[in-house]
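Structure file model.txt with compact mmCIF, C-alpha atoms:
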```txt
# COMPACT_ATOMS: atom_id res chain seq x y z
CA MET A 27 0.00 0.00 0.00
CA ALA A 28 1.37 3.39 -0.87
CA SER A 29 2.33 5.42 2.12
CA ILE A 30 1.59 9.03 2.36
CA VAL A 31 4.56 11.08 3.41
CA SER A 32 3.68 14.42 4.79
CA ALA A 33 6.03 17.23 4.15
CA THR A 34 6.08 20.45 6.03
CA ILE A 35 6.35 23.32 3.67
CA VAL A 36 8.45 26.00 5.29
CA PRO A 37 7.62 29.41 3.95
CA PRO A 38 10.66 31.39 2.84
CA SER A 39 11.92 33.89 5.35
CA LEU A 40 11.46 37.45 4.16
CA VAL A 41 14.66 38.41 5.92
CA GLY A 42 16.56 35.55 4.31
CA LEU A 43 15.43 36.67 0.88
CA HIS A 44 16.81 40.17 1.43
CA LEU A 45 20.22 39.43 2.95
CA ARG A 46 23.41 39.40 0.88
CA PRO A 47 27.07 38.95 1.84
CA ASN A 48 27.95 42.41 0.51
CA LEU A 49 25.27 43.91 2.78
CA PHE A 50 27.05 43.01 5.98
CA ILE A 51 29.30 45.22 8.09
CA SER A 52 30.98 43.01 10.64
CA GLU A 53 32.15 45.93 12.76
CA LEU A 54 31.03 49.52 12.27
CA ARG A 55 33.87 52.02 12.20
CA THR A 56 31.82 54.99 13.27
CA LYS A 57 30.42 55.61 16.74
CA LYS A 58 27.69 58.23 16.58
CA LYS A 59 24.36 58.21 14.80
CA PRO A 60 25.01 60.83 12.08
CA SER A 61 28.20 59.14 10.91
CA VAL A 62 26.72 55.66 11.39
CA LEU A 63 23.93 56.59 8.98
CA GLU A 64 26.56 57.76 6.47
CA GLU A 65 28.54 54.54 6.89
CA LEU A 66 25.39 52.49 6.28
CA ALA A 67 24.42 54.54 3.22
CA ASN A 68 27.92 54.28 1.76
CA ALA A 69 27.84 50.52 2.23
CA ALA A 70 24.44 50.38 0.50
CA ALA A 71 25.88 52.38 -2.39
CA ALA A 72 28.97 50.14 -2.60
CA ALA A 73 26.61 47.15 -2.85
CA GLY A 74 24.82 48.77 -5.77
CA LEU A 75 21.57 49.65 -3.99
CA THR A 76 21.84 53.32 -4.82
CA ARG A 77 24.04 55.68 -6.80
CA SER A 78 23.27 58.46 -4.38
CA PRO A 79 24.30 57.71 -0.80
CA GLU A 80 23.77 61.40 -0.01
CA ALA A 81 20.07 61.21 -0.90
CA LEU A 82 19.80 58.03 1.15
CA VAL A 83 21.41 59.69 4.18
CA ASP A 84 18.99 62.63 3.80
CA GLY A 85 16.08 60.21 3.79
CA LEU A 86 17.39 58.35 6.83
CA ARG A 87 17.92 61.60 8.74
CA ARG A 88 14.36 62.71 7.93
CA ARG A 89 13.03 59.41 9.20
CA GLU A 90 15.11 59.62 12.38
CA ALA A 91 13.84 63.16 12.99
CA LEU A 92 10.32 61.72 13.28
CA GLY A 93 11.48 59.36 16.00
CA SER A 94 14.60 57.30 16.63
CA THR A 95 14.63 53.83 15.10
CA GLY A 96 16.84 52.76 17.99
CA ILE A 97 14.12 50.72 19.64
CA GLY A 98 16.08 49.60 22.66
CA LYS A 99 17.94 46.47 23.80
CA GLY A 100 20.87 47.39 21.57
CA ILE A 101 18.86 47.28 18.35
CA ALA A 102 18.32 49.89 15.65
CA VAL A 103 16.24 49.38 12.54
CA PRO A 104 16.64 52.49 10.40
CA HIS A 105 14.28 52.13 7.45
CA VAL A 106 13.38 54.35 4.54
CA ARG A 107 11.88 54.23 1.08
CA SER A 108 13.81 56.37 -1.33
CA THR A 109 13.42 57.30 -5.00
CA LEU A 110 17.03 56.50 -5.80
CA VAL A 111 17.13 53.05 -4.17
CA SER A 112 16.94 50.35 -6.80
CA GLU A 113 15.63 47.40 -4.79
CA ARG A 114 14.41 46.37 -1.38
CA ALA A 115 17.27 45.09 0.80
CA VAL A 116 18.51 44.61 4.34
CA LEU A 117 21.99 45.60 5.47
CA VAL A 118 23.19 44.20 8.78
CA ALA A 119 25.84 46.05 10.76
CA ARG A 120 27.37 45.24 14.14
CA SER A 121 29.27 47.16 16.76
CA THR A 122 30.92 45.29 19.60
CA LYS A 123 31.40 48.41 21.72
CA GLY A 124 28.09 49.94 20.68
CA VAL A 125 27.21 53.15 18.89
CA GLU A 126 25.24 56.12 20.13
CA PHE A 127 21.88 56.07 18.34
CA ASP A 128 19.58 58.16 20.53
CA SER A 129 17.74 54.94 21.36
CA LEU A 130 14.49 54.85 23.27
CA ASP A 131 16.14 53.23 26.29
CA GLY A 132 19.24 55.43 26.12
CA GLU A 133 21.50 52.43 25.59
CA PRO A 134 24.10 52.02 22.83
CA VAL A 135 23.21 50.04 19.71
CA HIS A 136 25.11 46.87 18.88
CA LEU A 137 23.02 45.55 16.01
CA CYS A 138 21.79 47.74 13.21
CA PHE A 139 19.44 46.56 10.46
CA LEU A 140 19.15 49.08 7.65
CA ILE A 141 16.10 48.42 5.48
CA VAL A 142 15.76 50.31 2.21
CA ALA A 143 13.27 50.07 -0.60
CA PRO A 144 12.15 52.04 -3.64
CA PRO A 145 8.84 53.83 -3.03
CA ILE A 146 6.81 51.62 -5.37
CA GLU A 147 3.09 52.05 -5.36
CA ARG A 148 2.07 48.95 -3.46
CA ASP A 149 4.66 47.28 -1.30
CA PRO A 150 3.16 45.32 1.59
CA ILE A 151 6.49 43.50 1.99
CA TYR A 152 8.38 46.56 3.25
CA LEU A 153 6.76 46.85 6.68
CA LYS A 154 6.42 43.07 6.96
CA LEU A 155 10.20 42.91 6.59
CA VAL A 156 10.66 45.49 9.34
CA ALA A 157 8.24 43.53 11.53
CA GLU A 158 10.05 40.24 10.87
CA ILE A 159 13.38 41.69 11.91
CA VAL A 160 11.98 43.29 15.07
CA ARG A 161 10.41 39.98 16.01
CA ALA A 162 13.54 37.95 15.13
CA VAL A 163 15.78 39.92 17.50
CA ARG A 164 13.41 40.10 20.45
CA LEU A 165 15.31 37.46 22.45
CA ALA A 166 18.57 38.35 24.17
CA ARG A 167 20.13 34.99 23.26
CA THR A 168 19.45 35.64 19.56
CA ARG A 169 21.04 39.08 19.77
CA GLN A 170 24.08 37.57 21.50
CA LYS A 171 24.43 34.86 18.85
CA LEU A 172 24.22 37.48 16.10
CA LEU A 173 26.98 39.50 17.73
CA GLU A 174 29.17 36.43 18.10
CA ALA A 175 28.53 34.94 14.64
CA PRO A 176 31.92 34.46 12.94
CA GLY A 177 30.72 35.72 9.56
CA PHE A 178 27.85 36.47 7.24
CA GLY A 179 26.84 32.85 6.59
CA PRO A 180 26.30 31.87 10.23
CA LEU A 181 24.70 35.25 10.94
CA LYS A 182 22.20 34.73 8.14
CA THR A 183 21.37 31.23 9.41
CA ILE A 184 20.74 32.55 12.93
CA LEU A 185 18.58 35.39 11.68
CA VAL A 186 16.52 33.23 9.35
CA GLU A 187 15.89 30.64 12.06
CA ALA A 188 14.97 33.35 14.57
CA SER A 189 12.58 34.94 12.08
CA ARG A 190 10.67 31.66 11.89
CA ASP A 191 10.30 31.19 15.65
CA MET B 5 19.49 76.32 -10.23
CA THR B 6 21.07 73.79 -12.58
CA ASP B 7 19.14 70.89 -14.09
CA THR B 8 20.99 68.58 -11.69
CA ASP B 9 20.07 70.67 -8.65
CA LEU B 10 16.47 70.79 -9.85
CA MET B 11 16.26 67.03 -10.24
CA GLU B 12 17.78 66.54 -6.81
CA ALA B 13 15.22 68.91 -5.32
CA LEU B 14 12.42 66.96 -7.05
CA VAL B 15 13.78 63.68 -5.72
CA GLN B 16 13.98 65.17 -2.24
CA LEU B 17 10.42 66.46 -2.51
CA GLN B 18 9.16 63.07 -3.60
CA ASP B 19 11.00 61.28 -0.80
CA ILE B 20 9.50 63.68 1.74
CA ASP B 21 6.04 63.08 0.24
CA VAL B 22 6.52 59.31 0.49
CA LEU B 23 7.41 59.66 4.16
CA LEU B 24 4.52 62.03 4.82
CA ARG B 25 2.09 59.58 3.25
CA GLU B 26 3.44 56.79 5.46
CA VAL B 27 3.16 58.90 8.60
CA LYS B 28 -0.38 59.97 7.76
CA ASP B 29 -1.54 56.51 6.65
CA PRO B 30 -3.43 55.10 9.67
CA GLU B 31 -2.53 51.48 8.88
CA MET B 32 1.18 52.11 8.33
CA SER B 33 1.61 54.48 11.24
CA SER B 34 -0.17 52.20 13.69
CA GLU B 35 1.95 49.26 12.52
CA GLU B 36 5.10 51.34 13.07
CA GLU B 37 3.89 52.24 16.58
CA ARG B 38 3.06 48.60 17.29
CA LEU B 39 6.62 47.65 16.34
CA GLY B 40 8.03 50.19 18.77
CA PHE B 41 8.75 53.10 16.43
CA HIS B 42 7.32 56.44 17.50
CA LEU B 43 6.36 58.97 14.87
CA ASP B 44 6.38 62.59 15.98
CA ASN B 45 7.53 65.97 14.68
CA VAL B 46 5.49 65.75 11.51
CA GLU B 47 5.45 69.57 11.45
CA THR B 48 9.24 69.57 10.99
CA LEU B 49 8.84 67.29 8.00
CA GLU B 50 6.15 69.52 6.54
CA LYS B 51 8.41 72.51 7.04
CA SER B 52 11.16 70.67 5.13
CA ARG B 53 8.69 70.01 2.36
CA ARG B 54 7.80 73.70 2.07
CA ARG B 55 11.46 74.64 1.98
CA VAL B 56 12.30 72.13 -0.76
CA ALA B 57 9.17 72.99 -2.78
CA SER B 58 10.12 76.68 -2.70
CA GLN B 59 13.33 75.83 -4.58
CA ILE B 60 11.45 74.36 -7.53
CA ASP B 61 10.11 76.28 -10.54
CA GLU B 62 6.43 76.95 -9.89
CA LYS B 63 5.13 75.42 -13.11
CA LEU B 64 7.27 72.33 -12.65
CA LEU B 65 5.97 72.06 -9.09
CA GLN B 66 2.40 72.24 -10.40
CA THR B 67 3.23 69.50 -12.92
CA TYR B 68 4.65 67.37 -10.11
CA GLU B 69 1.61 67.99 -7.86
CA ARG B 70 -0.78 67.16 -10.69
CA MET B 71 1.05 63.96 -11.58
CA SER B 72 1.33 62.91 -7.93
CA ARG B 73 -2.47 62.64 -7.85
CA ARG B 74 -2.08 59.91 -10.46
CA PHE B 75 1.20 58.24 -9.49
CA ALA B 76 2.73 57.54 -6.08
CA ARG B 77 6.09 57.96 -7.85
CA VAL B 78 6.31 60.90 -10.22
CA VAL B 79 10.10 60.99 -10.44
CA VAL B 80 11.69 57.69 -11.33
CA PRO B 81 15.23 56.65 -12.15
CA VAL B 82 16.22 55.34 -15.54
CA GLN B 83 17.36 51.73 -15.09
CA GLY B 84 19.53 50.77 -18.02
CA THR B 85 17.36 51.92 -20.92
CA MET B 86 14.11 51.47 -19.06
CA CYS B 87 11.74 53.78 -17.22
CA ALA B 88 11.61 52.46 -13.65
CA GLY B 89 8.01 53.59 -13.40
CA CYS B 90 6.33 51.73 -16.25
CA ARG B 91 9.21 49.41 -17.22
CA MET B 92 9.03 50.43 -20.88
CA SER B 93 12.20 50.82 -22.89
CA LEU B 94 12.99 54.41 -23.54
CA PRO B 95 13.50 55.68 -27.08
CA THR B 96 16.89 57.18 -27.85
CA ALA B 97 15.35 60.61 -28.29
CA SER B 98 13.37 61.54 -25.20
CA SER B 99 10.54 63.93 -24.58
CA ARG B 100 11.64 67.10 -22.80
CA THR B 101 9.69 69.95 -21.29
CA GLY B 102 11.19 73.34 -20.72
CA PHE B 103 10.49 75.35 -17.59
CA ALA B 104 11.78 78.75 -16.68
CA SER B 105 14.81 77.44 -14.87
CA ALA B 106 15.51 74.04 -16.43
CA THR B 107 14.33 71.21 -18.62
CA VAL B 108 13.06 67.86 -17.46
CA GLU B 109 12.80 64.62 -19.33
CA HIS B 110 9.56 62.61 -19.41
CA CYS B 111 8.89 58.99 -20.20
CA GLU B 112 6.92 58.98 -23.44
CA ASN B 113 4.86 56.04 -22.27
CA CYS B 114 3.73 57.01 -18.77
CA GLY B 115 4.74 60.67 -18.61
CA ARG B 116 6.75 60.32 -15.40
CA ILE B 117 9.76 62.55 -14.86
CA LEU B 118 12.98 60.68 -15.50
CA TYR B 119 16.03 60.99 -13.27
CA ARG B 120 19.35 60.15 -14.88
CA ARG B 121 22.59 59.94 -12.98
```

Render the structure in this file as structure tokens.
Amino acid sequence: MASIVSATIVPPSLVGLHLRPNLFISELRTKKKPSVLEELANAAAAAGLTRSPEALVDGLRRREALGSTGIGKGIAVPHVRSTLVSERAVLVARSTKGVEFDSLDGEPVHLCFLIVAPPIERDPIYLKLVAEIVRAVRLARTRQKLLEAPGFGPLKTILVEASRD
Amino acid sequence: MTDTDLMEALVQLQDIDVLLREVKDPEMSSEEERLGFHLDNVETLEKSRRRVASQIDEKLLQTYERMSRRFARVVVPVQGTMCAGCRMSLPTASSRTGFASATVEHCENCGRILYRR
């Protein structure tokens, strides 16, 4: 008699789909929010996401002026949709010592997830991506593992698994 | 103002408008709040918008405002030889409109303003 094998279909992780090795800063060089935003924008430009890092920095600064995206527990999720960004992407940046980011809890930021996207007419994925990242890093042990990950590959694995929890 | 400066001002204006729409959209703003992001100081953003808009030729600004009632993105980059708005290939000779201070290029298919860099 034929047996029925059930397979669990695991939906793709939104975060996993948007991570790339050239969108990873293992250790931020800068220490304060304004220059951190520039470092992130320059890295996005180097990865081909935009030809205008200056416009991206302007957009990020405008977004931060509405309210810091440093949401506490060492996490910042600066996110912006910008005309000169070519595709939706996530850039992950770490800082062992922490950077000043005007966070809600006043603490330094150790993990930064820059999310950029072009301002296309209907993009329900953009905020879902932000939500997935915020949820993925809610546990202290996940944040610690991300900080200790030896490189992009292991970091991506940790983040994708955490986003599915 | 050079054509380049004008295009950059238009891009800035559009980016501010995108952010303003997000902040004023009840669904998006409540989702942001739910995720732990607070949205305040909208007046500062509106002030920035007025400042940027004042740098743009009045007729071009009216064109932008009129088109923004039709498209969420009025200004789009050229990607390769394609309009990023409608994805149509652009002809080699493009449609241009002259304003007092500069000229802008439009996609012949959708009419959007093209940004080349």

Can you tell me, as a ChimeraX atom specification, what residues are no more than 12 Å from B:Met86 when counting only C-alpha atoms, ignoring any on the same chain fewer than 2 positions away?
/B:80-84,88-96,98,111-114,118-120

Do you have, as CSV, the list of residues of chain A lying at most 7 Å from chain B, each with its nearest atom pair and that distance in Å to one decimal, counting only C-alpha atoms and ordered by chain then number?
```
residue,atom,partner,partner_atom,distance
A:Gly85,CA,B:Asp19,CA,6.9
A:Leu92,CA,B:Asp44,CA,4.9
A:Gly93,CA,B:Leu43,CA,5.3
A:Thr95,CA,B:Phe41,CA,6.1
A:Ile97,CA,B:Gly40,CA,6.2
A:Ser108,CA,B:Asp19,CA,5.7
A:Thr109,CA,B:Asp19,CA,6.3
A:Leu110,CA,B:Pro81,CA,6.6
A:Pro145,CA,B:Val22,CA,6.9
A:Ile146,CA,B:Arg77,CA,6.8
A:Glu147,CA,B:Ala76,CA,5.5
A:Ala157,CA,B:Leu39,CA,6.5
```

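Among the candidates A:Arg190, A:Ile159, A:Ala69, A:Arg77, the one nearest to A:Ser52 when counting only C-alpha atoms is A:Ala69.
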
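When atom CA of A:Ala175 is paired with atom CA of A:Arg55, their separation reads 18.1 Å.
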
What's around A:Tyr152 at 9 Å? Count all atoms listed in the file, leave out sequence neighbours fewer than 4 positions away in its own chain, and write the answer as a ChimeraX atom specification.
/A:107,114,141-143,156-157

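The coordinates place atom CA of A:Pro47 at 21.9 Å from atom CA of A:Arg161.
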
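Here atom CA of B:Lys28 is placed at a distance of 22.2 Å from atom CA of B:Ala13.
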
Kindly provide, as AutoDock Vina command-line options, the centre and edge lengths (Å, one decimal) of an axis-aligned box around all atoms of stretch 44-59 of chain B given in the file, with 6 Å on each side.
```
--center_x 9.4 --center_y 69.6 --center_z 5.7 --size_x 19.9 --size_y 26.1 --size_z 32.6
```

Selection: 9 Å around A:Leu43, all atoms listed in the file, excl. self and same-chain fewer than 4 positions, as a ChimeraX atom specification:
/A:38-39,115

Report as a ChimeraX atom specification all protein, DNA and RNA residues lying within 10 Å of A:Phe127, evaluated on only C-alpha atoms, omitting residues in the same chain fewer than 6 positions from it.
/A:57-60,62-63,90,94-98,100-102,133-136,138

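Proximity to A:Val186 was assessed for A:Val163, A:Ala71, A:Gly124, A:Pro150 counting all atoms listed in the file; the smallest distance is recorded for A:Val163.
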
Using all atoms listed in the file for the distances, tell me which of A:Leu40, A:Leu173, A:Ile184, A:Leu153 is nearest to A:Lys123.
A:Leu173

Write out as JSON, numbers by chain each polymer residue whose atoms come within 12 Å of A:Glu65, counting only C-alpha atoms; drop sequence neighbours fewer than 4 positions from it.
{"A": [49, 50, 51, 53, 54, 55, 56, 57, 58, 59, 60, 61, 69, 70, 71, 72, 79, 80, 82, 83, 86, 117, 118, 119, 120, 138, 140]}

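Proximity to A:Gly74 was assessed for A:Ser129, A:Thr168, A:Thr122, A:Ser112 counting all atoms listed in the file; the smallest distance is recorded for A:Ser112.
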